[in-house]
file coords_7.cif (mmCIF, C-alpha atoms and all ligand atoms)
data_data
#
loop_
_atom_site.label_atom_id
_atom_site.label_comp_id
_atom_site.auth_asym_id
_atom_site.auth_seq_id
_atom_site.Cartn_x
_atom_site.Cartn_y
_atom_site.Cartn_z
CA MET P 1 92.94 68.88 -189.02
CA ARG P 2 90.65 70.14 -186.26
CA MET P 3 91.57 70.13 -182.59
CA VAL P 4 88.03 69.18 -181.57
CA ASP P 5 88.32 65.91 -183.54
CA ILE P 6 91.62 65.02 -181.84
CA ILE P 7 90.14 65.71 -178.40
CA SER P 8 87.09 63.55 -179.20
CA LYS P 9 89.26 60.72 -180.47
CA LYS P 10 91.30 60.63 -177.27
CA ARG P 11 88.18 61.08 -175.14
CA ASP P 12 86.82 57.89 -176.73
CA GLY P 13 89.99 55.99 -175.86
CA LYS P 14 91.47 55.87 -179.36
CA GLU P 15 95.12 56.21 -180.27
CA ILE P 16 96.12 59.57 -181.73
CA SER P 17 98.69 59.82 -184.52
CA THR P 18 102.11 61.49 -184.58
CA GLU P 19 100.68 64.20 -186.87
CA GLU P 20 97.79 64.82 -184.50
CA ILE P 21 100.12 65.13 -181.50
CA ASN P 22 102.37 67.53 -183.42
CA PHE P 23 99.34 69.57 -184.53
CA PHE P 24 98.21 69.89 -180.90
CA ILE P 25 101.60 70.84 -179.46
CA GLU P 26 102.60 73.20 -182.29
CA GLY P 27 99.22 74.91 -182.24
CA TYR P 28 99.16 75.25 -178.49
CA THR P 29 102.70 76.70 -178.41
CA LYS P 30 101.84 79.25 -181.13
CA GLY P 31 98.53 80.14 -179.53
CA THR P 32 96.30 79.01 -182.40
CA ILE P 33 94.89 76.32 -180.11
CA PRO P 34 93.30 77.99 -177.06
CA ASP P 35 93.71 77.01 -173.40
CA TYR P 36 90.22 75.51 -173.22
CA GLN P 37 90.95 72.98 -175.94
CA ALA P 38 94.37 72.16 -174.50
CA SER P 39 92.86 71.61 -171.05
CA ALA P 40 90.17 69.33 -172.50
CA MET P 41 92.93 67.41 -174.30
CA ALA P 42 95.01 67.08 -171.11
CA MET P 43 91.96 65.80 -169.26
CA ALA P 44 91.20 63.28 -172.01
CA ILE P 45 94.80 62.01 -171.73
CA TYR P 46 94.43 61.91 -167.95
CA PHE P 47 91.45 59.55 -168.22
CA GLN P 48 92.39 57.53 -171.32
CA ASP P 49 96.19 57.45 -170.97
CA MET P 50 98.61 57.10 -173.89
CA ASN P 51 100.45 54.15 -175.34
CA ASP P 52 104.27 54.09 -175.58
CA ARG P 53 104.34 55.49 -179.10
CA GLU P 54 102.06 58.39 -178.17
CA LYS P 55 104.16 59.21 -175.09
CA ALA P 56 107.40 59.27 -177.12
CA ASP P 57 105.71 61.46 -179.77
CA LEU P 58 104.36 63.87 -177.16
CA THR P 59 107.82 64.12 -175.58
CA MET P 60 109.53 64.88 -178.89
CA ALA P 61 106.81 67.35 -179.91
CA MET P 62 107.51 69.27 -176.70
CA VAL P 63 111.29 69.05 -177.26
CA ASN P 64 110.78 70.49 -180.75
CA SER P 65 108.54 73.31 -179.51
CA GLY P 66 111.60 75.39 -178.58
CA GLU P 67 115.36 75.58 -178.53
CA THR P 68 117.51 72.59 -177.72
CA ILE P 69 121.02 72.57 -176.29
CA ASP P 70 123.67 71.02 -178.47
CA LEU P 71 126.36 69.45 -176.30
CA SER P 72 128.07 67.64 -179.17
CA SER P 73 131.18 69.82 -178.83
CA ILE P 74 131.76 68.26 -175.41
CA ASP P 75 133.79 65.08 -175.70
CA GLY P 76 132.29 61.92 -174.33
CA ILE P 77 128.84 60.69 -173.40
CA LYS P 78 126.89 63.32 -171.49
CA VAL P 79 124.83 61.69 -168.76
CA ASP P 80 122.26 63.74 -166.89
CA LYS P 81 120.63 62.88 -163.58
CA HIS P 82 117.12 63.91 -162.70
CA SER P 83 115.33 63.59 -159.40
CA THR P 84 111.57 63.82 -159.21
CA GLY P 85 112.10 65.93 -156.12
CA GLY P 86 112.25 65.40 -152.41
CA VAL P 87 113.11 66.97 -149.09
CA GLY P 88 116.72 67.67 -148.19
CA ASP P 89 117.88 66.00 -151.40
CA THR P 90 121.50 67.02 -151.76
CA THR P 91 122.53 64.37 -154.27
CA THR P 92 123.26 66.64 -157.26
CA LEU P 93 125.76 68.72 -155.28
CA VAL P 94 127.68 65.57 -154.43
CA LEU P 95 127.21 63.68 -157.68
CA ALA P 96 128.28 66.39 -160.12
CA PRO P 97 131.87 66.79 -158.84
CA LEU P 98 132.17 63.15 -157.77
CA VAL P 99 131.27 61.71 -161.18
CA ALA P 100 133.36 64.40 -162.91
CA SER P 101 136.35 63.41 -160.78
CA LEU P 102 136.42 60.11 -162.72
CA GLY P 103 136.68 62.02 -166.00
CA VAL P 104 132.99 61.66 -166.91
CA PRO P 105 131.58 64.97 -168.26
CA VAL P 106 128.77 66.48 -166.20
CA ALA P 107 127.04 69.32 -168.05
CA LYS P 108 124.18 70.23 -165.80
CA MET P 109 121.34 72.66 -166.34
CA SER P 110 119.50 73.33 -163.15
CA GLY P 111 116.57 75.30 -161.86
CA ARG P 112 115.55 77.08 -158.72
CA GLY P 113 113.31 75.39 -156.23
CA LEU P 114 109.64 75.93 -155.56
CA GLY P 115 108.21 74.68 -152.27
CA HIS P 116 110.06 72.64 -149.61
CA THR P 117 113.67 73.82 -150.01
CA GLY P 118 115.59 75.48 -152.78
CA GLY P 119 116.78 73.85 -155.98
CA THR P 120 120.38 73.06 -156.85
CA ILE P 121 121.03 76.63 -158.00
CA ASP P 122 119.75 78.17 -154.78
CA LYS P 123 121.94 75.81 -152.79
CA LEU P 124 125.03 76.63 -154.85
CA GLU P 125 124.37 80.34 -154.45
CA SER P 126 124.89 80.01 -150.71
CA ILE P 127 128.57 79.80 -151.68
CA SER P 128 129.82 83.39 -151.76
CA GLY P 129 130.44 84.55 -155.35
CA PHE P 130 129.12 81.40 -157.05
CA HIS P 131 127.12 82.19 -160.16
CA VAL P 132 125.34 80.13 -162.79
CA GLU P 133 124.81 82.95 -165.28
CA ILE P 134 127.50 81.76 -167.66
CA THR P 135 127.31 81.75 -171.44
CA LYS P 136 126.85 78.53 -173.37
CA ASP P 137 130.41 78.84 -174.69
CA GLU P 138 131.87 79.20 -171.18
CA PHE P 139 129.75 76.27 -170.03
CA ILE P 140 131.03 74.00 -172.79
CA LYS P 141 134.62 75.15 -172.26
CA LEU P 142 134.43 74.39 -168.52
CA VAL P 143 133.00 70.92 -169.08
CA ASN P 144 135.61 70.12 -171.72
CA GLU P 145 138.48 71.31 -169.53
CA ASP P 146 137.39 70.36 -166.03
CA LYS P 147 134.45 67.96 -166.67
CA VAL P 148 131.84 69.82 -164.62
CA ALA P 149 129.72 72.96 -164.80
CA VAL P 150 126.24 74.01 -163.77
CA MET P 151 124.31 76.54 -165.78
CA GLY P 152 120.99 78.23 -165.00
CA GLN P 153 118.15 77.43 -167.34
CA THR P 154 118.33 79.93 -170.15
CA GLY P 155 116.75 80.29 -173.52
CA ASN P 156 113.46 79.01 -174.65
CA LEU P 157 113.58 75.30 -173.76
CA THR P 158 110.34 73.28 -174.09
CA PRO P 159 107.91 76.23 -174.13
CA ALA P 160 105.06 73.79 -174.82
CA ASP P 161 105.79 72.03 -171.54
CA LYS P 162 105.90 75.31 -169.60
CA LYS P 163 102.51 76.31 -170.94
CA LEU P 164 100.91 72.90 -170.60
CA TYR P 165 102.24 72.27 -167.08
CA ALA P 166 100.88 75.63 -165.87
CA LEU P 167 97.53 74.80 -167.47
CA ARG P 168 97.39 71.29 -165.96
CA ASP P 169 98.19 72.77 -162.58
CA VAL P 170 94.96 74.78 -162.54
CA THR P 171 92.73 72.30 -164.37
CA GLY P 172 93.29 69.13 -162.36
CA SER P 173 95.40 67.08 -164.76
CA VAL P 174 98.87 67.17 -163.22
CA ASN P 175 98.70 63.59 -161.97
CA SER P 176 98.76 61.73 -165.26
CA ILE P 177 101.72 59.40 -165.71
CA ALA P 178 101.80 60.03 -169.49
CA LEU P 179 101.83 63.80 -168.99
CA ILE P 180 104.36 63.83 -166.15
CA ALA P 181 106.72 61.41 -167.91
CA SER P 182 106.69 63.34 -171.20
CA SER P 183 107.05 66.65 -169.33
CA ILE P 184 110.15 65.56 -167.41
CA MET P 185 111.75 63.70 -170.32
CA SER P 186 111.22 66.57 -172.77
CA LYS P 187 113.23 68.88 -170.51
CA LYS P 188 116.12 66.43 -170.12
CA ILE P 189 116.28 65.73 -173.84
CA ALA P 190 116.10 69.42 -174.79
CA ALA P 191 118.98 70.08 -172.36
CA GLY P 192 121.17 67.82 -174.49
CA ALA P 193 121.54 64.62 -172.45
CA ASP P 194 122.83 61.54 -174.32
CA ALA P 195 121.92 59.29 -171.40
CA ILE P 196 119.69 59.83 -168.38
CA VAL P 197 119.68 58.46 -164.83
CA LEU P 198 116.38 59.04 -163.05
CA ASP P 199 115.91 59.12 -159.30
CA VAL P 200 112.20 58.54 -158.81
CA LYS P 201 111.25 59.20 -155.21
CA THR P 202 108.50 57.42 -153.36
CA GLY P 203 106.93 58.15 -149.98
CA THR P 204 105.32 61.05 -148.11
CA GLY P 205 107.87 63.61 -149.28
CA ALA P 206 107.61 62.60 -152.93
CA PHE P 207 105.43 63.52 -155.85
CA MET P 208 104.51 59.85 -156.17
CA LYS P 209 103.36 58.78 -152.71
CA THR P 210 103.04 55.04 -153.39
CA GLU P 211 105.66 52.66 -154.68
CA LYS P 212 103.28 51.40 -157.35
CA ASP P 213 102.82 54.89 -158.83
CA ALA P 214 106.55 55.61 -158.61
CA GLU P 215 107.19 52.40 -160.51
CA ARG P 216 104.65 53.24 -163.22
CA LEU P 217 106.22 56.68 -163.66
CA ALA P 218 109.74 55.23 -163.76
CA HIS P 219 108.76 52.64 -166.37
CA ALA P 220 107.09 55.29 -168.53
CA MET P 221 110.12 57.59 -168.43
CA VAL P 222 112.65 54.82 -169.05
CA LYS P 223 110.62 53.62 -172.03
CA ILE P 224 110.34 57.12 -173.51
CA GLY P 225 114.09 57.73 -173.11
CA ASN P 226 115.09 54.46 -174.72
CA ASP P 227 112.48 54.84 -177.50
CA VAL P 228 113.93 58.20 -178.53
CA GLY P 229 117.54 56.97 -178.44
CA ARG P 230 118.65 58.11 -174.98
CA ASN P 231 119.96 55.34 -172.80
CA THR P 232 117.79 55.74 -169.70
CA MET P 233 117.41 53.94 -166.37
CA ALA P 234 115.69 54.71 -163.06
CA ILE P 235 116.26 54.07 -159.40
CA ILE P 236 113.22 54.17 -157.14
CA SER P 237 114.39 55.58 -153.83
CA ASP P 238 112.80 56.25 -150.48
CA MET P 239 111.47 59.68 -149.60
CA SER P 240 109.32 58.71 -146.63
CA GLN P 241 111.79 60.67 -144.50
CA PRO P 242 114.17 63.48 -145.53
CA LEU P 243 117.42 62.34 -147.18
CA GLY P 244 120.49 62.79 -145.00
CA PHE P 245 120.19 65.07 -141.96
CA ALA P 246 120.21 68.59 -143.40
CA VAL P 247 117.18 70.38 -144.83
CA GLY P 248 117.97 73.93 -145.98
CA ASN P 249 120.29 75.48 -148.52
CA ALA P 250 123.63 76.30 -146.84
CA LEU P 251 123.08 73.38 -144.43
CA GLU P 252 122.79 71.05 -147.41
CA VAL P 253 125.93 72.48 -149.01
CA LYS P 254 127.79 71.62 -145.82
CA GLU P 255 126.25 68.14 -145.91
CA ALA P 256 127.39 67.73 -149.52
CA ILE P 257 130.94 68.80 -148.59
CA ASP P 258 130.98 66.31 -145.70
CA THR P 259 129.79 63.57 -148.05
CA LEU P 260 132.45 64.39 -150.66
CA LYS P 261 135.03 64.00 -147.89
CA GLY P 262 133.62 60.65 -146.84
CA ASN P 263 131.87 61.87 -143.70
CA GLY P 264 128.34 62.13 -145.05
CA PRO P 265 125.12 60.56 -143.79
CA GLU P 266 124.82 56.87 -144.62
CA ASP P 267 121.66 57.16 -146.74
CA LEU P 268 122.87 60.12 -148.80
CA THR P 269 126.23 58.43 -149.39
CA GLU P 270 124.55 55.21 -150.47
CA LEU P 271 122.16 56.93 -152.86
CA VAL P 272 125.01 58.95 -154.37
CA LEU P 273 127.03 55.78 -154.95
CA ALA P 274 124.04 53.98 -156.48
CA LEU P 275 123.14 56.82 -158.85
CA GLY P 276 126.78 57.66 -159.54
CA SER P 277 127.71 54.11 -160.56
CA GLN P 278 124.81 54.05 -163.02
CA MET P 279 125.96 57.38 -164.48
CA VAL P 280 129.54 56.23 -164.81
CA VAL P 281 128.54 52.98 -166.54
CA LEU P 282 126.19 54.78 -168.96
CA ALA P 283 129.04 57.17 -169.81
CA LYS P 284 131.32 54.17 -170.36
CA GLY P 285 133.63 55.26 -167.55
CA ALA P 286 133.51 51.71 -166.18
CA GLU P 287 132.39 48.34 -167.47
CA THR P 288 130.39 47.22 -164.47
CA LEU P 289 128.46 48.85 -161.64
CA ALA P 290 130.81 47.25 -159.13
CA GLU P 291 133.84 48.72 -160.86
CA ALA P 292 132.21 52.16 -161.06
CA ARG P 293 131.30 52.06 -157.38
CA LYS P 294 134.84 51.13 -156.44
CA LYS P 295 136.22 54.06 -158.42
CA LEU P 296 133.75 56.47 -156.82
CA ILE P 297 134.63 55.31 -153.31
CA GLU P 298 138.32 55.59 -154.15
CA SER P 299 137.84 59.17 -155.38
CA ILE P 300 136.20 60.13 -152.08
CA LYS P 301 138.95 58.42 -150.07
CA SER P 302 141.83 59.89 -152.03
CA GLY P 303 140.47 63.45 -151.88
CA SER P 304 139.93 63.72 -155.66
CA ALA P 305 136.21 64.27 -155.15
CA ILE P 306 136.51 67.26 -152.82
CA LYS P 307 139.33 68.63 -154.96
CA LYS P 308 137.03 68.54 -157.98
CA PHE P 309 134.32 70.28 -155.96
CA LYS P 310 136.72 73.11 -155.11
CA LEU P 311 137.75 73.51 -158.73
CA PHE P 312 134.11 73.54 -159.82
CA VAL P 313 133.30 76.25 -157.23
CA LYS P 314 136.33 78.34 -158.20
CA ASN P 315 135.57 78.05 -161.93
CA GLN P 316 132.15 79.56 -161.35
CA GLY P 317 133.31 82.49 -159.23
CA GLY P 318 132.76 80.93 -155.81
CA ASP P 319 135.07 80.82 -152.82
CA PRO P 320 136.58 77.31 -152.74
CA SER P 321 137.88 77.76 -149.18
CA ILE P 322 134.34 77.06 -147.88
CA ALA P 323 135.20 73.40 -148.45
CA ASP P 324 137.86 73.68 -145.73
CA ASP P 325 135.91 76.03 -143.50
CA THR P 326 132.15 75.57 -143.78
CA ASP P 327 131.61 78.31 -141.16
CA LYS P 328 132.11 80.68 -144.10
CA LEU P 329 128.71 79.61 -145.44
CA PRO P 330 125.71 81.78 -144.45
CA GLN P 331 125.01 81.23 -140.74
CA ALA P 332 121.67 81.50 -138.96
CA LYS P 333 121.40 83.75 -135.90
CA TYR P 334 119.64 81.20 -133.68
CA LYS P 335 120.24 77.49 -133.17
CA ILE P 336 117.37 75.97 -131.21
CA ASP P 337 117.28 72.33 -130.15
CA VAL P 338 113.99 70.47 -130.15
CA PRO P 339 114.17 67.77 -127.46
CA SER P 340 112.30 64.49 -127.60
CA LYS P 341 109.33 64.39 -125.23
CA GLU P 342 109.59 60.64 -124.71
CA SER P 343 111.89 57.64 -125.00
CA GLY P 344 111.50 54.95 -127.65
CA PHE P 345 112.24 54.56 -131.33
CA ILE P 346 111.62 57.04 -134.14
CA SER P 347 108.81 55.44 -136.15
CA ASN P 348 107.96 58.18 -138.64
CA ILE P 349 109.38 61.47 -139.93
CA ALA P 350 106.85 62.93 -142.37
CA ALA P 351 109.16 64.25 -145.06
CA ASP P 352 106.66 66.61 -146.70
CA GLU P 353 105.75 68.32 -143.43
CA ILE P 354 109.41 68.62 -142.41
CA GLY P 355 109.98 70.31 -145.77
CA ILE P 356 107.17 72.73 -144.94
CA ALA P 357 108.69 73.39 -141.50
CA ALA P 358 111.93 74.42 -143.23
CA MET P 359 109.92 76.58 -145.63
CA LEU P 360 108.27 78.37 -142.68
CA LEU P 361 111.77 79.43 -141.61
CA GLY P 362 112.36 80.86 -145.09
CA ALA P 363 114.37 78.00 -146.65
CA GLY P 364 111.91 77.51 -149.52
CA ARG P 365 109.62 79.54 -151.73
CA ALA P 366 105.84 79.50 -151.49
CA THR P 367 105.63 81.52 -154.73
CA LYS P 368 108.14 82.07 -157.53
CA GLU P 369 108.76 85.66 -156.39
CA ASP P 370 109.67 84.81 -152.77
CA LYS P 371 113.23 85.43 -151.64
CA ILE P 372 114.75 82.56 -149.70
CA ASP P 373 116.97 82.70 -146.64
CA LEU P 374 119.98 80.53 -147.48
CA ALA P 375 121.16 80.17 -143.88
CA VAL P 376 118.06 78.67 -142.30
CA GLY P 377 116.70 75.15 -142.09
CA LEU P 378 116.72 72.04 -139.95
CA ILE P 379 119.30 69.50 -138.91
CA MET P 380 117.66 66.20 -138.07
CA HIS P 381 119.52 64.14 -135.48
CA LYS P 382 117.64 60.90 -135.92
CA LYS P 383 116.44 58.66 -138.71
CA VAL P 384 113.47 56.30 -138.67
CA GLY P 385 114.43 53.23 -136.61
CA ASP P 386 116.86 55.11 -134.33
CA LYS P 387 116.57 54.89 -130.57
CA VAL P 388 115.86 58.11 -128.68
CA GLU P 389 115.82 59.10 -125.00
CA ALA P 390 113.49 61.74 -123.58
CA GLY P 391 115.33 65.06 -123.65
CA ASP P 392 117.67 64.12 -126.53
CA PRO P 393 117.60 66.72 -129.30
CA ILE P 394 115.78 65.23 -132.28
CA VAL P 395 116.08 68.30 -134.48
CA THR P 396 118.03 71.58 -134.35
CA ILE P 397 116.26 74.58 -135.85
CA TYR P 398 118.55 77.06 -137.65
CA SER P 399 116.59 80.30 -137.71
CA ASN P 400 116.94 84.03 -138.23
CA ARG P 401 113.91 84.70 -136.08
CA GLU P 402 113.85 84.06 -132.35
CA ASP P 403 110.29 82.84 -132.04
CA VAL P 404 109.95 79.45 -133.70
CA LYS P 405 106.83 78.12 -131.93
CA ASP P 406 105.15 77.33 -135.25
CA VAL P 407 108.13 75.36 -136.54
CA ARG P 408 108.59 73.50 -133.27
CA ALA P 409 104.91 72.52 -133.24
CA LYS P 410 105.15 71.24 -136.80
CA ILE P 411 108.18 69.14 -135.90
CA TYR P 412 106.44 67.58 -132.89
CA ASP P 413 103.34 66.88 -134.96
CA ASN P 414 105.31 65.10 -137.65
CA ILE P 415 107.87 62.98 -135.87
CA SER P 416 106.43 59.94 -134.12
CA ILE P 417 108.01 57.77 -131.46
CA SER P 418 106.91 54.22 -130.69
CA ASN P 419 108.26 50.73 -130.13
CA LYS P 420 111.11 49.40 -132.18
CA VAL P 421 110.58 49.68 -135.94
CA GLU P 422 112.62 48.58 -138.95
CA LYS P 423 114.68 51.11 -140.87
CA PRO P 424 113.03 51.84 -144.23
CA VAL P 425 114.66 50.44 -147.36
CA LEU P 426 116.51 53.20 -149.24
CA ILE P 427 116.59 51.76 -152.74
CA HIS P 428 113.35 50.09 -153.64
CA LYS P 429 113.97 49.11 -157.23
CA ILE P 430 116.14 49.55 -160.26
CA ILE P 431 114.33 49.90 -163.57
CA THR P 432 116.12 49.47 -166.86
CA GLU P 433 113.22 48.92 -169.26
N1 LIG O 1 107.40 67.74 -162.84
C1 LIG O 1 107.45 68.10 -164.14
O1 LIG O 1 108.47 68.59 -164.60
N2 LIG O 1 106.39 67.87 -164.91
C2 LIG O 1 105.25 67.34 -164.46
O2 LIG O 1 104.33 67.18 -165.21
C3 LIG O 1 105.18 67.00 -163.10
C4 LIG O 1 106.28 67.20 -162.32
CA CA O 2 119.87 66.36 -146.71
#
call {"tool": "encode", "arguments": {"input": "coords_7.cif", "output": "structure tokens"}}
result
Amino acid sequence: MRMVDIISKKRDGKEISTEEINFFIEGYTKGTIPDYQASAMAMAIYFQDMNDREKADLTMAMVNSGETIDLSSIDGIKVDKHSTGGVGDTTTLVLAPLVASLGVPVAKMSGRGLGHTGGTIDKLESISGFHVEITKDEFIKLVNEDKVAVMGQTGNLTPADKKLYALRDVTGSVNSIALIASSIMSKKIAAGADAIVLDVKTGTGAFMKTEKDAERLAHAMVKIGNDVGRNTMAIISDMSQPLGFAVGNALEVKEAIDTLKGNGPEDLTELVLALGSQMVVLAKGAETLAEARKKLIESIKSGSAIKKFKLFVKNQGGDPSIADDTDKLPQAKYKIDVPSKESGFISNIAADEIGIAAMLLGAGRATKEDKIDLAVGLIMHKKVGDKVEAGDPIVTIYSNREDVKDVRAKIYDNISISNKVEKPVLIHKIITE
């Protein structure tokens, strides 16, 4: 088999075989296929796309390029949740303990964030003492005993994806549905998920800006998951404005705690319930979505959810008392209100730019090596559709530097006020096939 023949075949719009896909991925992982051939191949896929069989094969070839996590010693169906990424997205912090509080095992591998705000691990590390460097045995023991644990990505999972994603990033082939879908799904499958709930974001703050693209990506991922024997579904949710009110690591932990106690923002709470009910049903913790939702709401009301959060924090070395006193989380030195310049209705909050404003304060990383400031970020006071009077604070900046002119300017540039507008729909679609 010669790589040049496989590239030419795909370039001409022909289907490539399982053996050819395996040859490409194995060779590229080992280094016998050079970057220039892999980048030509990625570009050919970008233009010619792949059929369902090719996508499933590419996914499994990437899964098999490295180690996989075996979660079979954990009782029950292990459901994982994946978000395609947004601004101020605190859902994992709420969902993990909430779903676990119903007895459904949540064995979560998470990463650090790049861009906008931190990832789940960064957020959790704003809890004093919390650590994710636990061994696989400890991880499995915690999930078996207490139903929830979060572990940092370790080992050599999907090395082919790591290499190919980095290559696509610098050769203009990131935005291929086939390549994105197989990249994301390979990581979930290698991490041991039996079933997968996907939160595919759409809007200015999302990877997929239009609903049509988000839907195509969701369909591709759901099909791959189901084709390789993992029960998979997707929710397409709005990311035209940040989720909830908090954007920033410790601020989002506080928002998650509020939500687990039943005092969270309406949109975050609703998304958590929608994703959570799907997870519970896939794990066979309830027969219907309505039943699952009822159980989740009950767990928040009764205090089981926050109790599970405290146990989860304590199990991983963190101080559980932060759930009773969130002032113990890292605090920023300055709190600076940004008042509205006019009266009217909030018509747009550009999620991506608000994410960048938080990053300017130090809440996110521009490069992998950057250190993030866990205390800083933004608290939004309004959502799209809300009424505002001139002088009302629309955002509070939490900063460790006194001069925030740049951040303030970015906020003014990216929040618009006009006549009355409708609130955006939070959940656009549910995709099960
Ligand atoms: N996120 C991924 O993990 N992979 C892609 O290809 C794009 C986004
Ligand atoms: Ca938020």
call {"tool": "axis_aligned_box", "arguments": {"input": "coords_7.cif", "around": "segment 68-87 of chain P", "padding_each_side": "3 Å", "output": "AutoDock Vina command-line options"}}
result
--center_x 122.7 --center_y 66.6 --center_z -164.1 --size_x 28.2 --size_y 17.9 --size_z 36.1
call {"tool": "residues_near_ligand", "arguments": {"input": "coords_7.cif", "ligand": "ligand CA 2 (chain O)", "cutoff": "8 Å", "atoms": "all atoms listed in the file", "output": "PyMOL selection string"}}
result
chain P and resi 87-90+242-248+252+255+268
call {"tool": "closest_residue", "arguments": {"input": "coords_7.cif", "among": "P:Ile297, P:Ile6, P:Val197, P:Val222", "to": "Thr18 of chain P", "atoms": "all atoms listed in the file"}}
result
P:Ile6
call {"tool": "closest_atom_pairs", "arguments": {"input": "coords_7.cif", "of": "chain P", "to": "ligand LIG 1 (chain O)", "cutoff": "6 Å", "atoms": "only C-alpha atoms and all ligand atoms", "output": "CSV"}}
result
residue,atom,partner,partner_atom,distance
P:Tyr165,CA,O:LIG1,O2,5.8
P:Val174,CA,O:LIG1,O2,5.8
P:Leu179,CA,O:LIG1,O2,5.7
P:Ile180,CA,O:LIG1,O2,3.5
P:Ser183,CA,O:LIG1,N2,4.6
P:Ile184,CA,O:LIG1,O1,4.5
call {"tool": "residues_around", "arguments": {"input": "coords_7.cif", "residues": "Lys14 of chain P", "least_positions_apart": "5", "cutoff": "9 Å", "atoms": "all atoms listed in the file", "output": "list in words"}}
result
Ser8, Lys9 and Gln48 of chain P
call {"tool": "residues_around", "arguments": {"input": "coords_7.cif", "residues": "segment 281-283 of chain P", "least_positions_apart": "5", "cutoff": "8 Å", "atoms": "all atoms listed in the file", "output": "MDAnalysis selection string"}}
result
chainID P and resid 76:79 104 195 231 288:289 292
call {"tool": "atom_distance", "arguments": {"input": "coords_7.cif", "atom1": "atom CA of Val99 of chain P", "atom2": "atom CA of Val280 of chain P"}}
result
6.8 Å
call {"tool": "closest_residue", "arguments": {"input": "coords_7.cif", "among": "P:Arg408, P:Gly118, P:Leu378, P:Ala274", "to": "Ala366 of chain P", "atoms": "only C-alpha atoms"}}
result
P:Gly118
call {"tool": "closest_residue", "arguments": {"input": "coords_7.cif", "among": "P:Ser347, P:Ser173, P:Ser72, P:Ser39", "to": "Pro424 of chain P", "atoms": "only C-alpha atoms"}}
result
P:Ser347
call {"tool": "residues_around", "arguments": {"input": "coords_7.cif", "residues": "Glu402 of chain P", "least_positions_apart": "2", "cutoff": "7 Å", "atoms": "only C-alpha atoms", "output": "number ranges by chain"}}
result
P: 334, 400, 404
call {"tool": "atom_distance", "arguments": {"input": "coords_7.cif", "atom1": "atom CA of Ser340 of chain P", "atom2": "atom CA of Thr269 of chain P"}}
result
26.6 Å
call {"tool": "closest_residue", "arguments": {"input": "coords_7.cif", "among": "P:Thr29, P:Ser416, P:Ser83, P:Asn156", "to": "Ile235 of chain P", "atoms": "all atoms listed in the file"}}
result
P:Ser83
call {"tool": "residues_around", "arguments": {"input": "coords_7.cif", "residues": "Val63 of chain P", "least_positions_apart": "2", "cutoff": "8 Å", "atoms": "all atoms listed in the file", "output": "JSON, numbers by chain"}}
result
{"P": [59, 60, 61, 65, 66, 67, 68, 157, 158, 186, 187, 189, 190]}
